[in-house]
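Below: target_7.txt (compact mmCIF, C-alpha atoms and all ligand atoms)
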# COMPACT_ATOMS: atom_id res chain seq x y z
CA MET J 1 21.72 24.22 32.93
CA ILE J 2 18.41 22.88 34.27
CA HIS J 3 16.63 21.88 31.07
CA ARG J 4 18.18 19.19 28.89
CA GLY J 5 15.59 17.88 26.42
CA ARG J 6 18.21 15.48 25.06
CA ARG J 7 17.93 13.28 28.20
CA LEU J 8 14.72 11.83 26.81
CA ARG J 9 16.15 11.29 23.33
CA ARG J 10 19.28 9.35 24.24
CA ASN J 11 18.28 5.97 22.85
CA SER J 12 15.43 4.33 21.01
CA VAL J 13 13.89 2.75 24.13
CA ILE J 14 13.52 6.12 25.81
CA ARG J 15 12.26 7.69 22.62
CA SER J 16 9.63 5.00 22.21
CA MET J 17 8.59 5.39 25.83
CA VAL J 18 7.90 9.11 25.55
CA ARG J 19 6.47 8.99 22.03
CA GLU J 20 3.17 10.86 21.99
CA ASN J 21 1.54 9.32 18.93
CA SER J 22 1.24 5.92 17.36
CA LEU J 23 0.39 4.70 13.91
CA SER J 24 -1.22 1.39 13.09
CA VAL J 25 -2.75 -0.42 10.13
CA ASP J 26 -6.07 0.02 11.94
CA ASP J 27 -5.88 3.74 11.07
CA PHE J 28 -5.80 3.18 7.32
CA ILE J 29 -8.38 3.13 4.55
CA TYR J 30 -6.96 2.12 1.19
CA PRO J 31 -8.42 3.67 -2.01
CA ILE J 32 -9.10 1.35 -4.96
CA PHE J 33 -10.12 2.23 -8.53
CA VAL J 34 -12.53 -0.21 -10.13
CA VAL J 35 -13.08 -0.39 -13.89
CA GLU J 36 -15.43 -2.19 -16.30
CA GLY J 37 -14.25 -5.23 -18.22
CA LYS J 38 -12.67 -8.54 -17.29
CA GLY J 39 -9.28 -9.77 -16.16
CA LYS J 40 -7.85 -6.29 -15.66
CA LYS J 41 -5.10 -5.17 -13.35
CA GLU J 42 -3.57 -2.15 -15.05
CA SER J 43 -1.19 0.36 -13.62
CA ILE J 44 -2.37 3.97 -13.30
CA PRO J 45 0.10 6.22 -15.13
CA SER J 46 -0.44 9.35 -13.01
CA MET J 47 -0.19 7.38 -9.76
CA GLU J 48 2.73 5.01 -9.94
CA GLY J 49 2.20 1.94 -7.79
CA GLN J 50 -1.62 2.16 -7.97
CA PHE J 51 -3.78 -0.02 -10.23
CA TYR J 52 -7.14 -0.20 -11.94
CA TYR J 53 -8.94 -3.45 -11.16
CA SER J 54 -11.89 -5.01 -12.90
CA VAL J 55 -14.45 -6.48 -10.51
CA ASP J 56 -13.38 -10.08 -11.16
CA ARG J 57 -9.78 -9.37 -10.06
CA LEU J 58 -10.57 -7.06 -7.18
CA ASN J 59 -10.34 -9.73 -4.52
CA GLU J 60 -6.68 -10.39 -5.40
CA GLU J 61 -5.99 -6.94 -4.06
CA ILE J 62 -8.27 -7.37 -1.04
CA LYS J 63 -6.45 -10.59 -0.17
CA GLU J 64 -3.11 -8.79 -0.18
CA LEU J 65 -4.51 -5.97 1.97
CA VAL J 66 -5.96 -8.38 4.51
CA HIS J 67 -2.63 -10.20 4.64
CA LEU J 68 -1.00 -6.87 5.53
CA GLY J 69 -3.62 -6.24 8.22
CA ILE J 70 -5.47 -3.53 6.28
CA ASN J 71 -9.18 -4.22 6.59
CA SER J 72 -10.73 -1.06 5.15
CA VAL J 73 -11.04 0.18 1.58
CA ILE J 74 -12.72 3.07 -0.21
CA LEU J 75 -13.93 2.40 -3.75
CA PHE J 76 -13.94 4.67 -6.79
CA GLY J 77 -15.63 3.58 -10.00
CA LEU J 78 -14.84 4.32 -13.63
CA PRO J 79 -17.88 3.57 -15.80
CA ASP J 80 -17.65 2.89 -19.53
CA LYS J 81 -20.51 5.26 -20.28
CA LYS J 82 -20.93 8.79 -18.94
CA ASP J 83 -23.99 11.00 -19.38
CA GLU J 84 -25.39 14.36 -18.27
CA LEU J 85 -26.93 12.96 -15.09
CA GLY J 86 -24.23 10.40 -14.26
CA SER J 87 -26.77 7.58 -14.33
CA GLU J 88 -24.14 4.82 -14.00
CA ALA J 89 -23.40 6.17 -10.51
CA TYR J 90 -26.74 4.86 -9.22
CA ALA J 91 -27.24 1.87 -11.53
CA GLU J 92 -27.99 -1.33 -9.65
CA ASN J 93 -25.32 -3.08 -11.67
CA GLY J 94 -22.89 -0.18 -11.80
CA VAL J 95 -19.21 -0.92 -11.40
CA VAL J 96 -19.02 0.14 -7.73
CA GLN J 97 -22.22 -1.69 -6.78
CA ARG J 98 -20.83 -4.90 -8.30
CA ALA J 99 -17.48 -4.30 -6.61
CA VAL J 100 -19.10 -3.98 -3.18
CA ARG J 101 -21.01 -7.24 -3.67
CA GLU J 102 -17.89 -9.03 -4.89
CA ILE J 103 -15.80 -8.00 -1.89
CA LYS J 104 -18.55 -8.78 0.61
CA LYS J 105 -19.11 -12.21 -0.92
CA GLU J 106 -15.58 -13.34 -0.08
CA PHE J 107 -14.47 -10.94 2.67
CA LYS J 108 -17.39 -10.15 4.97
CA GLN J 109 -15.15 -8.63 7.61
CA VAL J 110 -13.58 -6.09 5.28
CA LEU J 111 -14.99 -2.62 5.85
CA VAL J 112 -16.14 -1.19 2.54
CA VAL J 113 -16.52 2.56 2.14
CA THR J 114 -17.83 4.10 -1.08
CA ASP J 115 -17.20 7.58 -2.40
CA VAL J 116 -20.54 9.15 -3.30
CA CYS J 117 -20.11 11.72 -6.05
CA LEU J 118 -21.07 12.27 -9.67
CA CYS J 119 -17.89 13.64 -11.24
CA GLU J 120 -16.59 10.27 -12.47
CA TYR J 121 -19.97 9.55 -14.06
CA THR J 122 -21.07 12.82 -15.69
CA SER J 123 -20.12 13.75 -19.24
CA HIS J 124 -19.27 17.30 -18.10
CA GLY J 125 -17.19 16.10 -15.13
CA HIS J 126 -18.93 18.24 -12.51
CA CYS J 127 -20.02 16.78 -9.17
CA GLY J 128 -23.71 17.44 -9.74
CA VAL J 129 -26.56 18.29 -12.11
CA TYR J 130 -25.31 21.00 -14.47
CA GLU J 131 -28.03 23.41 -15.63
CA ASN J 132 -28.08 27.09 -16.64
CA ASN J 133 -24.31 27.37 -16.30
CA GLU J 134 -24.17 26.12 -12.75
CA VAL J 135 -24.33 23.02 -10.59
CA ASP J 136 -27.86 22.82 -9.18
CA ASN J 137 -27.54 21.96 -5.50
CA ASP J 138 -31.00 20.63 -4.72
CA LYS J 139 -31.44 18.59 -7.89
CA THR J 140 -28.04 17.04 -7.15
CA LEU J 141 -29.22 15.95 -3.70
CA GLU J 142 -31.85 13.70 -5.29
CA LEU J 143 -29.16 11.90 -7.28
CA LEU J 144 -26.79 11.63 -4.33
CA GLY J 145 -29.59 9.99 -2.36
CA LYS J 146 -30.07 7.49 -5.18
CA ILE J 147 -26.33 6.72 -5.32
CA ALA J 148 -26.15 6.19 -1.56
CA LEU J 149 -29.16 3.87 -1.62
CA SER J 150 -27.76 1.81 -4.47
CA HIS J 151 -24.51 1.38 -2.52
CA ALA J 152 -26.46 0.49 0.61
CA LYS J 153 -28.40 -2.19 -1.24
CA ALA J 154 -25.11 -3.63 -2.50
CA GLY J 155 -23.90 -4.02 1.10
CA VAL J 156 -21.61 -1.07 1.82
CA ASP J 157 -20.62 -0.24 5.42
CA ILE J 158 -19.89 3.48 5.17
CA ILE J 159 -21.07 6.12 2.71
CA ALA J 160 -18.61 8.95 2.02
CA PRO J 161 -20.17 11.88 0.14
CA SER J 162 -17.45 13.96 -1.56
CA ASP J 163 -19.54 16.30 -3.72
CA MET J 164 -19.70 19.31 -1.33
CA MET J 165 -23.36 20.13 -2.02
CA ASP J 166 -25.20 21.84 0.85
CA GLY J 167 -27.47 19.63 2.91
CA ARG J 168 -26.26 16.34 1.47
CA VAL J 169 -25.46 14.63 4.75
CA GLY J 170 -28.97 15.18 6.09
CA PHE J 171 -30.52 14.25 2.77
CA ILE J 172 -28.55 11.00 2.49
CA ARG J 173 -29.14 10.11 6.16
CA ASN J 174 -32.86 10.52 5.63
CA ALA J 175 -32.85 8.52 2.39
CA LEU J 176 -30.96 5.66 4.07
CA ASP J 177 -33.12 5.64 7.20
CA LYS J 178 -36.36 5.61 5.24
CA GLN J 179 -35.27 2.38 3.55
CA GLY J 180 -34.11 0.68 6.74
CA PHE J 181 -30.39 1.37 6.37
CA GLU J 182 -30.00 3.19 9.67
CA ASP J 183 -26.87 1.18 10.53
CA ILE J 184 -24.85 2.46 7.59
CA ALA J 185 -22.51 5.23 8.76
CA ILE J 186 -21.76 8.47 6.94
CA MET J 187 -18.18 9.68 6.69
CA SER J 188 -18.58 13.13 5.24
CA TYR J 189 -15.94 14.91 3.21
CA SER J 190 -17.00 17.88 5.37
CA VAL J 191 -14.01 20.06 4.68
CA LYS J 192 -12.98 19.52 1.11
CA PHE J 193 -10.89 22.24 -0.42
CA SER J 194 -10.77 23.18 -4.08
CA SER J 195 -7.24 21.89 -4.55
CA ALA J 196 -4.56 21.36 -7.15
CA PHE J 197 -3.52 18.30 -5.13
CA TYR J 198 -6.30 16.26 -6.81
CA GLY J 199 -4.58 16.44 -10.21
CA PRO J 200 -3.28 12.85 -10.47
CA PHE J 201 -6.62 11.46 -9.22
CA ARG J 202 -8.61 13.36 -11.83
CA ASP J 203 -6.30 11.98 -14.44
CA ALA J 204 -6.72 8.48 -13.02
CA ALA J 205 -10.50 8.74 -12.58
CA LYS J 206 -11.00 10.71 -15.80
CA SER J 207 -13.07 13.12 -13.72
CA CYS J 208 -11.65 16.52 -14.63
CA PRO J 209 -14.40 19.11 -15.26
CA GLN J 210 -14.73 19.66 -19.01
CA PHE J 211 -15.20 23.40 -18.39
CA GLY J 212 -14.95 25.68 -15.37
CA ASP J 213 -13.75 24.47 -12.00
CA ARG J 214 -15.15 23.27 -8.68
CA LYS J 215 -14.78 26.56 -6.81
CA THR J 216 -18.53 27.14 -6.42
CA TYR J 217 -18.85 24.00 -4.30
CA GLN J 218 -15.44 23.03 -2.93
CA MET J 219 -13.90 25.29 -0.27
CA ASP J 220 -11.50 28.18 -0.80
CA PHE J 221 -8.07 27.14 0.49
CA CYS J 222 -7.55 30.58 2.05
CA ASN J 223 -10.18 29.81 4.72
CA GLY J 224 -9.86 28.03 8.05
CA ARG J 225 -12.82 29.21 10.11
CA GLU J 226 -15.20 28.24 7.34
CA ALA J 227 -14.10 24.65 7.95
CA ILE J 228 -15.67 24.76 11.41
CA LYS J 229 -18.91 26.04 9.92
CA GLU J 230 -19.03 23.24 7.32
CA ALA J 231 -18.17 20.56 9.87
CA THR J 232 -20.75 21.88 12.35
CA TRP J 233 -23.51 21.59 9.76
CA ASP J 234 -22.47 18.06 8.84
CA VAL J 235 -22.42 16.98 12.47
CA GLU J 236 -25.89 18.50 12.98
CA GLU J 237 -27.11 16.67 9.89
CA GLY J 238 -25.92 13.33 11.25
CA ALA J 239 -22.38 12.69 10.03
CA ASP J 240 -20.64 9.94 12.01
CA ILE J 241 -17.11 10.81 10.89
CA ILE J 242 -15.88 14.13 9.48
CA MET J 243 -13.05 14.39 6.99
CA VAL J 244 -10.51 16.98 5.97
CA LYS J 245 -9.12 16.79 2.45
CA PRO J 246 -6.35 17.21 1.33
CA ALA J 247 -4.26 16.36 4.39
CA MET J 248 -0.68 17.62 4.33
CA SER J 249 -1.30 21.31 3.69
CA TYR J 250 -4.40 21.39 5.90
CA LEU J 251 -3.19 20.01 9.22
CA ASP J 252 -4.04 23.30 10.94
CA VAL J 253 -7.67 22.61 10.00
CA VAL J 254 -7.46 19.07 11.39
CA TYR J 255 -6.06 20.42 14.64
CA SER J 256 -8.81 22.99 15.04
CA LEU J 257 -11.59 20.48 14.31
CA LYS J 258 -10.10 18.04 16.80
CA GLY J 259 -10.49 20.61 19.56
CA LYS J 260 -14.10 21.34 18.66
CA PHE J 261 -15.75 18.01 17.84
CA ASN J 262 -15.92 14.73 19.68
CA LEU J 263 -16.42 12.44 16.72
CA PRO J 264 -13.67 10.69 14.74
CA ILE J 265 -11.72 12.77 12.26
CA ALA J 266 -10.44 11.38 8.99
CA VAL J 267 -7.94 12.90 6.60
CA TYR J 268 -7.48 12.12 2.94
CA ASN J 269 -3.80 11.97 2.01
CA VAL J 270 -4.61 12.72 -1.63
CA SER J 271 -3.13 11.80 -4.99
CA GLY J 272 -0.98 14.93 -5.39
CA GLU J 273 0.59 14.36 -1.98
CA TYR J 274 1.27 10.76 -2.95
CA ALA J 275 2.73 11.72 -6.30
CA MET J 276 5.05 14.34 -4.81
CA VAL J 277 6.61 11.85 -2.43
CA LYS J 278 6.85 9.16 -5.14
CA MET J 279 8.46 11.47 -7.67
CA ALA J 280 10.92 12.99 -5.21
CA ALA J 281 11.95 9.49 -4.13
CA LYS J 282 12.34 8.39 -7.73
CA ALA J 283 14.58 11.39 -8.37
CA GLY J 284 16.75 10.23 -5.45
CA LEU J 285 16.04 13.36 -3.45
CA ILE J 286 14.40 11.82 -0.39
CA ASP J 287 14.18 8.50 1.45
CA GLU J 288 10.72 7.26 0.48
CA GLY J 289 10.05 5.04 3.49
CA LYS J 290 11.07 7.70 5.98
CA MET J 291 9.05 10.33 4.16
CA ILE J 292 5.94 8.14 4.22
CA MET J 293 6.18 7.61 7.97
CA GLU J 294 6.94 11.26 8.73
CA THR J 295 3.96 12.52 6.74
CA LEU J 296 1.55 9.92 8.16
CA TYR J 297 2.66 10.66 11.72
CA SER J 298 2.19 14.39 11.13
CA MET J 299 -1.47 13.64 10.36
CA LYS J 300 -1.86 11.67 13.58
CA ARG J 301 -0.14 14.43 15.55
CA ALA J 302 -2.56 17.01 14.14
CA GLY J 303 -5.45 14.89 15.38
CA ALA J 304 -6.46 12.50 12.60
CA ASP J 305 -7.99 9.24 13.80
CA ILE J 306 -8.36 7.75 10.33
CA ILE J 307 -6.07 8.17 7.30
CA ILE J 308 -7.20 7.45 3.77
CA THR J 309 -3.92 6.87 1.95
CA TYR J 310 -2.41 5.31 -1.15
CA PHE J 311 0.60 4.62 1.11
CA ALA J 312 -1.33 2.20 3.33
CA LYS J 313 0.39 -0.90 1.94
CA ASP J 314 3.86 0.69 1.96
CA ALA J 315 3.36 1.87 5.54
CA ALA J 316 2.10 -1.56 6.61
CA ARG J 317 5.21 -3.16 5.13
CA ILE J 318 7.46 -0.62 6.83
CA MET J 319 5.83 -1.39 10.18
CA ARG J 320 6.30 -5.13 9.57
CA GLY J 321 9.94 -4.66 8.54
CA GLU J 322 9.15 -6.00 5.06
CA TYR J 323 9.42 -2.80 3.04
CA ILE J 324 11.58 -2.79 -0.07
CA ASP J 325 12.57 0.60 -1.46
CA ASN J 326 12.55 0.22 -5.23
CA ASN J 327 14.04 3.62 -5.97
C1 LIG J 401 -14.59 12.97 -6.17
C2 LIG J 401 -13.27 12.85 -5.50
C3 LIG J 401 -12.05 13.46 -5.81
C4 LIG J 401 -11.11 12.92 -4.93
C5 LIG J 401 -11.78 12.02 -4.09
N1 LIG J 401 -13.13 12.01 -4.45
C6 LIG J 401 -11.67 14.40 -6.89
C7 LIG J 401 -12.16 15.78 -6.92
O1 LIG J 401 -12.88 16.25 -6.04
O2 LIG J 401 -11.85 16.43 -7.93
C8 LIG J 401 -9.63 13.21 -4.90
C9 LIG J 401 -8.76 12.16 -4.34
C10 LIG J 401 -7.31 12.30 -4.60
O3 LIG J 401 -6.82 13.31 -5.17
O4 LIG J 401 -6.59 11.36 -4.23
N2 LIG J 401 -15.19 14.20 -6.14

Transcribe the structure of this file into structure tokens.
Amino acid sequence: MIHRGRRLRRNSVIRSMVRENSLSVDDFIYPIFVVEGKGKKESIPSMEGQFYYSVDRLNEEIKELVHLGINSVILFGLPDKKDELGSEAYAENGVVQRAVREIKKEFKQVLVVTDVCLCEYTSHGHCGVYENNEVDNDKTLELLGKIALSHAKAGVDIIAPSDMMDGRVGFIRNALDKQGFEDIAIMSYSVKFSSAFYGPFRDAAKSCPQFGDRKTYQMDFCNGREAIKEATWDVEEGADIIMVKPAMSYLDVVYSLKGKFNLPIAVYNVSGEYAMVKMAAKAGLIDEGKMIMETLYSMKRAGADIIITYFAKDAARIMRGEYIDNN
């Protein structure tokens, strides 16, 4: 026998030496849900282990993240009032705008990303202006530009549009540049599929469409080549980072984008993926810690440079040898 692959798997030193991919806290962006009110840290029922924070308690969480070496967050806001045009999304004193200012006041070095979308803010729950039984693309762009600018003025580092309207990257880039915010990067949810994996998030963010679905703007999960088309347009329009979402079932898409583009690729390890691992662990069916690492590494292997994940803190603890499995 000439070939014996087992020679390079004999012990952990050899395995580490030939390991092709690495994972680090530098890869992570941690999602946080911010709510109105005071003194709140409330657990999110559909996403065990995740919490709603009011702005005044947000920095408790940031402090813990920084302690674990995680220096990047993405913010989602839950306003008290929703309306047809999602006006709280671009209010100067909206919940996300205040959250950005609060974090930056105490933790300048923390990288703050904001999700730019309307679905958490509109009464109908769609990601844009709803008129004549459809989401109007070009009217939505105007609002997305306003949201992005309001986040920029609050001090955000990266804008992440997740609405899937056509032309939004170029529109937002232009809106930011015109106001002197040319240093703010855009991480585009370029390839966002219409997915059942967002279920727990929509429950958490109270952002489920009140009628219809998002299939006229989010991508059909049967398509792979269309992902290249969407990403190409975003890159042409000035995206700095492109994202694939969800992650686990779409690693083929990540792999194909990696071979085609030379800018950083992010994946969003979404709420349904998180919930599946959590629930299976709770049922005693899998080892949670091992499952977390295996899934995160699979994303790196496929080509992800950046991972947005609710598991960021768990993974950081695992890597530090401080993880406690509560199941
Ligand atoms: C907003 C948005 C969604 C998610 C991130 N930004 C929900 C959706 O598109 O319905 C999902 C995140 C997750 O499931 O963890 N449009």

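With all atoms listed in the file as the atoms that count, the residue of J:Gly155, J:Gly224, J:Gly321, J:Pro31 with the shortest distance to J:Lys108 is J:Gly155.
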
Can you write out as a Markdown table which residues of chain J fall within 10 Å of ligand LIG 401 (chain J), alongside each residue's closest atom pair and its distance in Å to one decimal, counting all atoms listed in the file and ordering rows by chain and ascending residue number?
| residue | atom | partner | partner_atom | distance |
| --- | --- | --- | --- | --- |
| J:Pro31 | CA | J:LIG401 | O4 | 8.2 |
| J:Met47 | CA | J:LIG401 | O4 | 9.3 |
| J:Ile74 | CA | J:LIG401 | C5 | 9.8 |
| J:Leu75 | CA | J:LIG401 | N1 | 9.7 |
| J:Phe76 | CA | J:LIG401 | N1 | 7.7 |
| J:Thr114 | CA | J:LIG401 | N1 | 9.8 |
| J:Asp115 | CA | J:LIG401 | N1 | 6.4 |
| J:Val116 | CA | J:LIG401 | C1 | 7.6 |
| J:Cys117 | CA | J:LIG401 | N2 | 5.5 |
| J:Leu118 | CA | J:LIG401 | N2 | 7.1 |
| J:Cys119 | CA | J:LIG401 | N2 | 5.8 |
| J:Glu120 | CA | J:LIG401 | C1 | 7.1 |
| J:Gly125 | CA | J:LIG401 | O2 | 9.0 |
| J:His126 | CA | J:LIG401 | N2 | 8.4 |
| J:Cys127 | CA | J:LIG401 | N2 | 6.3 |
| J:Gly128 | CA | J:LIG401 | N2 | 9.8 |
| J:Ala160 | CA | J:LIG401 | N1 | 9.0 |
| J:Pro161 | CA | J:LIG401 | N2 | 8.3 |
| J:Ser162 | CA | J:LIG401 | N2 | 5.1 |
| J:Asp163 | CA | J:LIG401 | N2 | 5.4 |
| J:Met164 | CA | J:LIG401 | N2 | 8.3 |
| J:Tyr189 | CA | J:LIG401 | N1 | 8.7 |
| J:Lys192 | CA | J:LIG401 | O1 | 7.9 |
| J:Phe193 | CA | J:LIG401 | O1 | 8.5 |
| J:Ser194 | CA | J:LIG401 | O1 | 7.5 |
| J:Ser195 | CA | J:LIG401 | O2 | 7.9 |
| J:Ala196 | CA | J:LIG401 | O3 | 8.6 |
| J:Phe197 | CA | J:LIG401 | O3 | 6.0 |
| J:Tyr198 | CA | J:LIG401 | O3 | 3.4 |
| J:Gly199 | CA | J:LIG401 | O3 | 6.3 |
| J:Pro200 | CA | J:LIG401 | O3 | 6.4 |
| J:Phe201 | CA | J:LIG401 | O3 | 4.5 |
| J:Arg202 | CA | J:LIG401 | C6 | 5.9 |
| J:Asp203 | CA | J:LIG401 | O3 | 9.4 |
| J:Ala204 | CA | J:LIG401 | O3 | 9.2 |
| J:Ala205 | CA | J:LIG401 | C6 | 8.1 |
| J:Lys206 | CA | J:LIG401 | C6 | 9.7 |
| J:Ser207 | CA | J:LIG401 | O2 | 6.8 |
| J:Cys208 | CA | J:LIG401 | O2 | 6.7 |
| J:Pro209 | CA | J:LIG401 | O2 | 8.2 |
| J:Asp213 | CA | J:LIG401 | O2 | 9.2 |
| J:Arg214 | CA | J:LIG401 | O2 | 7.6 |
| J:Tyr217 | CA | J:LIG401 | O1 | 9.9 |
| J:Gln218 | CA | J:LIG401 | O1 | 7.9 |
| J:Lys245 | CA | J:LIG401 | C8 | 8.2 |
| J:Pro246 | CA | J:LIG401 | O3 | 7.6 |
| J:Tyr268 | CA | J:LIG401 | O4 | 7.3 |
| J:Asn269 | CA | J:LIG401 | O4 | 6.9 |
| J:Val270 | CA | J:LIG401 | O4 | 3.5 |
| J:Ser271 | CA | J:LIG401 | O4 | 3.6 |
| J:Gly272 | CA | J:LIG401 | O3 | 6.1 |
| J:Glu273 | CA | J:LIG401 | O4 | 8.1 |
| J:Tyr274 | CA | J:LIG401 | O4 | 8.0 |
| J:Ala275 | CA | J:LIG401 | O4 | 9.6 |
| J:Ile308 | CA | J:LIG401 | O4 | 8.9 |
| J:Thr309 | CA | J:LIG401 | O4 | 8.1 |
| J:Tyr310 | CA | J:LIG401 | O4 | 8.0 |

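For the pair atom CA of J:Glu226 and atom CA of J:His124, the interatomic distance is 28.0 Å.
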
Task: Spatial neighbours of J:Glu61, 12 Å, all atoms listed in the file, chain gap at least 2 places, as a count of residues only - done: 30

Task: atom CA of J:Tyr121 to atom CA of J:Tyr90, straight-line distance in Å - done: 9.6 Å

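Near J:Ala266, within 7 Å and counting all atoms listed in the file, sit Ile241, Ile242, Met243, Val244, Ala304, Asp305, Ile306 and Ile307 of chain J, not including residues fewer than 3 positions from it in the same chain.
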
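The two atoms in question, atom CA of J:Asn93 and atom CA of J:Glu106, are spaced 18.3 Å apart.
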
- [ ] Counting all atoms listed in the file, find the residues whose atoms lie at most 12 Å from (-21.9, 0.1, -21.4) (file coordinates) and write them out as a VMD selection string.
- [x] chain J and resid 35 to 37 78 to 83 87 to 88 91 93 to 95

Hey, can you pull every residue with an atom no more than 8 Å from (-19.6, -1.8, 6.8), using all atoms listed in the file, and send it as a compact mmCIF listing (two decimals) with C-alpha atoms, in the coordinates of the input?
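Okay, this is what ended up in selection-v7.txt:
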# COMPACT_ATOMS: atom_id res chain seq x y z
CA VAL J 110 -13.58 -6.09 5.28
CA LEU J 111 -14.99 -2.62 5.85
CA VAL J 112 -16.14 -1.19 2.54
CA VAL J 113 -16.52 2.56 2.14
CA GLY J 155 -23.90 -4.02 1.10
CA VAL J 156 -21.61 -1.07 1.82
CA ASP J 157 -20.62 -0.24 5.42
CA ILE J 158 -19.89 3.48 5.17
CA ILE J 184 -24.85 2.46 7.59
CA ALA J 185 -22.51 5.23 8.76

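Residue neighbourhood of J:Lys153, excluding near-sequence residues (fewer than 4 positions): Glu92, Gln97, Ala148, Leu149 and Phe181 of chain J, at 9 Å, using only C-alpha atoms.
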
- [ ] Could you tell me which of J:Gly69, J:Gly49, J:Pro264, J:Gly5 comes closest to J:Phe28 if we count only C-alpha atoms?
- [x] J:Gly69

Task: 9 Å contact set for stretch 175-177 of chain J, all atoms listed in the file, chain neighbours under 2 positions out, as number ranges by chain - done: J: 145-146, 148-149, 152, 170-173, 179-184

So for stretch 142-148 of chain J, what box centre and size do we get, axis-aligned, 6 Å extra on each of the six sides, every listed atom, Å to one decimal, as AutoDock Vina command-line options?
--center_x -29.0 --center_y 9.9 --center_z -4.4 --size_x 17.7 --size_y 19.5 --size_z 17.7

Open item on the list: Give me the residues near J:Ser256 as a PyMOL selection string, where near means some atom within 8 Å (using all atoms listed in the file) and where sequence neighbours in that chain fewer than 4 positions away do not count.
Closed with: chain J and resi 228+252+260

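Comparing J:Asn21, J:Gly289, J:Ala281, J:Ala315 by their smallest distance to J:Asn327, the closest is J:Ala281 (using only C-alpha atoms).
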
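Here the question is which of J:Arg4, J:Ser123, J:Asn133, J:Lys258 gets nearest to J:Gln210 using all atoms listed in the file, and that residue is J:Ser123.
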
Task: Best match for closeness to J:Val235 among J:Cys222, J:Ile29, J:Ile265, J:Val13, counting all atoms listed in the file - done: J:Ile265

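Closest approach to J:Arg168 among J:Ser12, J:Thr140, J:Ser150, J:Thr216 is made by J:Thr140 (distances from all atoms listed in the file).
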
Could stretch 170-181 of chain J be completed with N, CA, C and O atoms and written as a compact mmCIF listing (two decimals), in the coordinates of the input, please?
# COMPACT_ATOMS: atom_id res chain seq x y z
N GLY J 170 -27.61 15.38 5.58
CA GLY J 170 -28.97 15.18 6.09
C GLY J 170 -29.85 14.47 5.08
O GLY J 170 -30.62 13.57 5.43
N PHE J 171 -29.70 14.85 3.82
CA PHE J 171 -30.52 14.25 2.77
C PHE J 171 -30.23 12.75 2.65
O PHE J 171 -31.14 11.92 2.59
N ILE J 172 -28.95 12.41 2.63
CA ILE J 172 -28.55 11.00 2.49
C ILE J 172 -28.97 10.20 3.74
O ILE J 172 -29.48 9.09 3.65
N ARG J 173 -28.75 10.80 4.92
CA ARG J 173 -29.14 10.11 6.16
C ARG J 173 -30.63 9.73 6.12
O ARG J 173 -31.02 8.61 6.43
N ASN J 174 -31.43 10.72 5.70
CA ASN J 174 -32.86 10.52 5.63
C ASN J 174 -33.23 9.44 4.61
O ASN J 174 -34.05 8.55 4.89
N ALA J 175 -32.58 9.51 3.45
CA ALA J 175 -32.85 8.52 2.39
C ALA J 175 -32.49 7.11 2.88
O ALA J 175 -33.23 6.15 2.64
N LEU J 176 -31.38 6.98 3.57
CA LEU J 176 -30.96 5.66 4.07
C LEU J 176 -31.92 5.16 5.15
O LEU J 176 -32.36 4.01 5.12
N ASP J 177 -32.27 6.04 6.09
CA ASP J 177 -33.12 5.64 7.20
C ASP J 177 -34.51 5.19 6.73
O ASP J 177 -35.06 4.21 7.22
N LYS J 178 -35.02 5.93 5.74
CA LYS J 178 -36.36 5.61 5.24
C LYS J 178 -36.44 4.20 4.66
O LYS J 178 -37.47 3.56 4.66
N GLN J 179 -35.29 3.71 4.16
CA GLN J 179 -35.27 2.38 3.55
C GLN J 179 -34.72 1.32 4.50
O GLN J 179 -34.34 0.23 4.06
N GLY J 180 -34.57 1.67 5.76
CA GLY J 180 -34.11 0.68 6.74
C GLY J 180 -32.60 0.50 6.81
O GLY J 180 -32.11 -0.50 7.35
N PHE J 181 -31.85 1.48 6.31
CA PHE J 181 -30.39 1.37 6.37
C PHE J 181 -29.82 2.28 7.45
O PHE J 181 -28.82 2.96 7.25
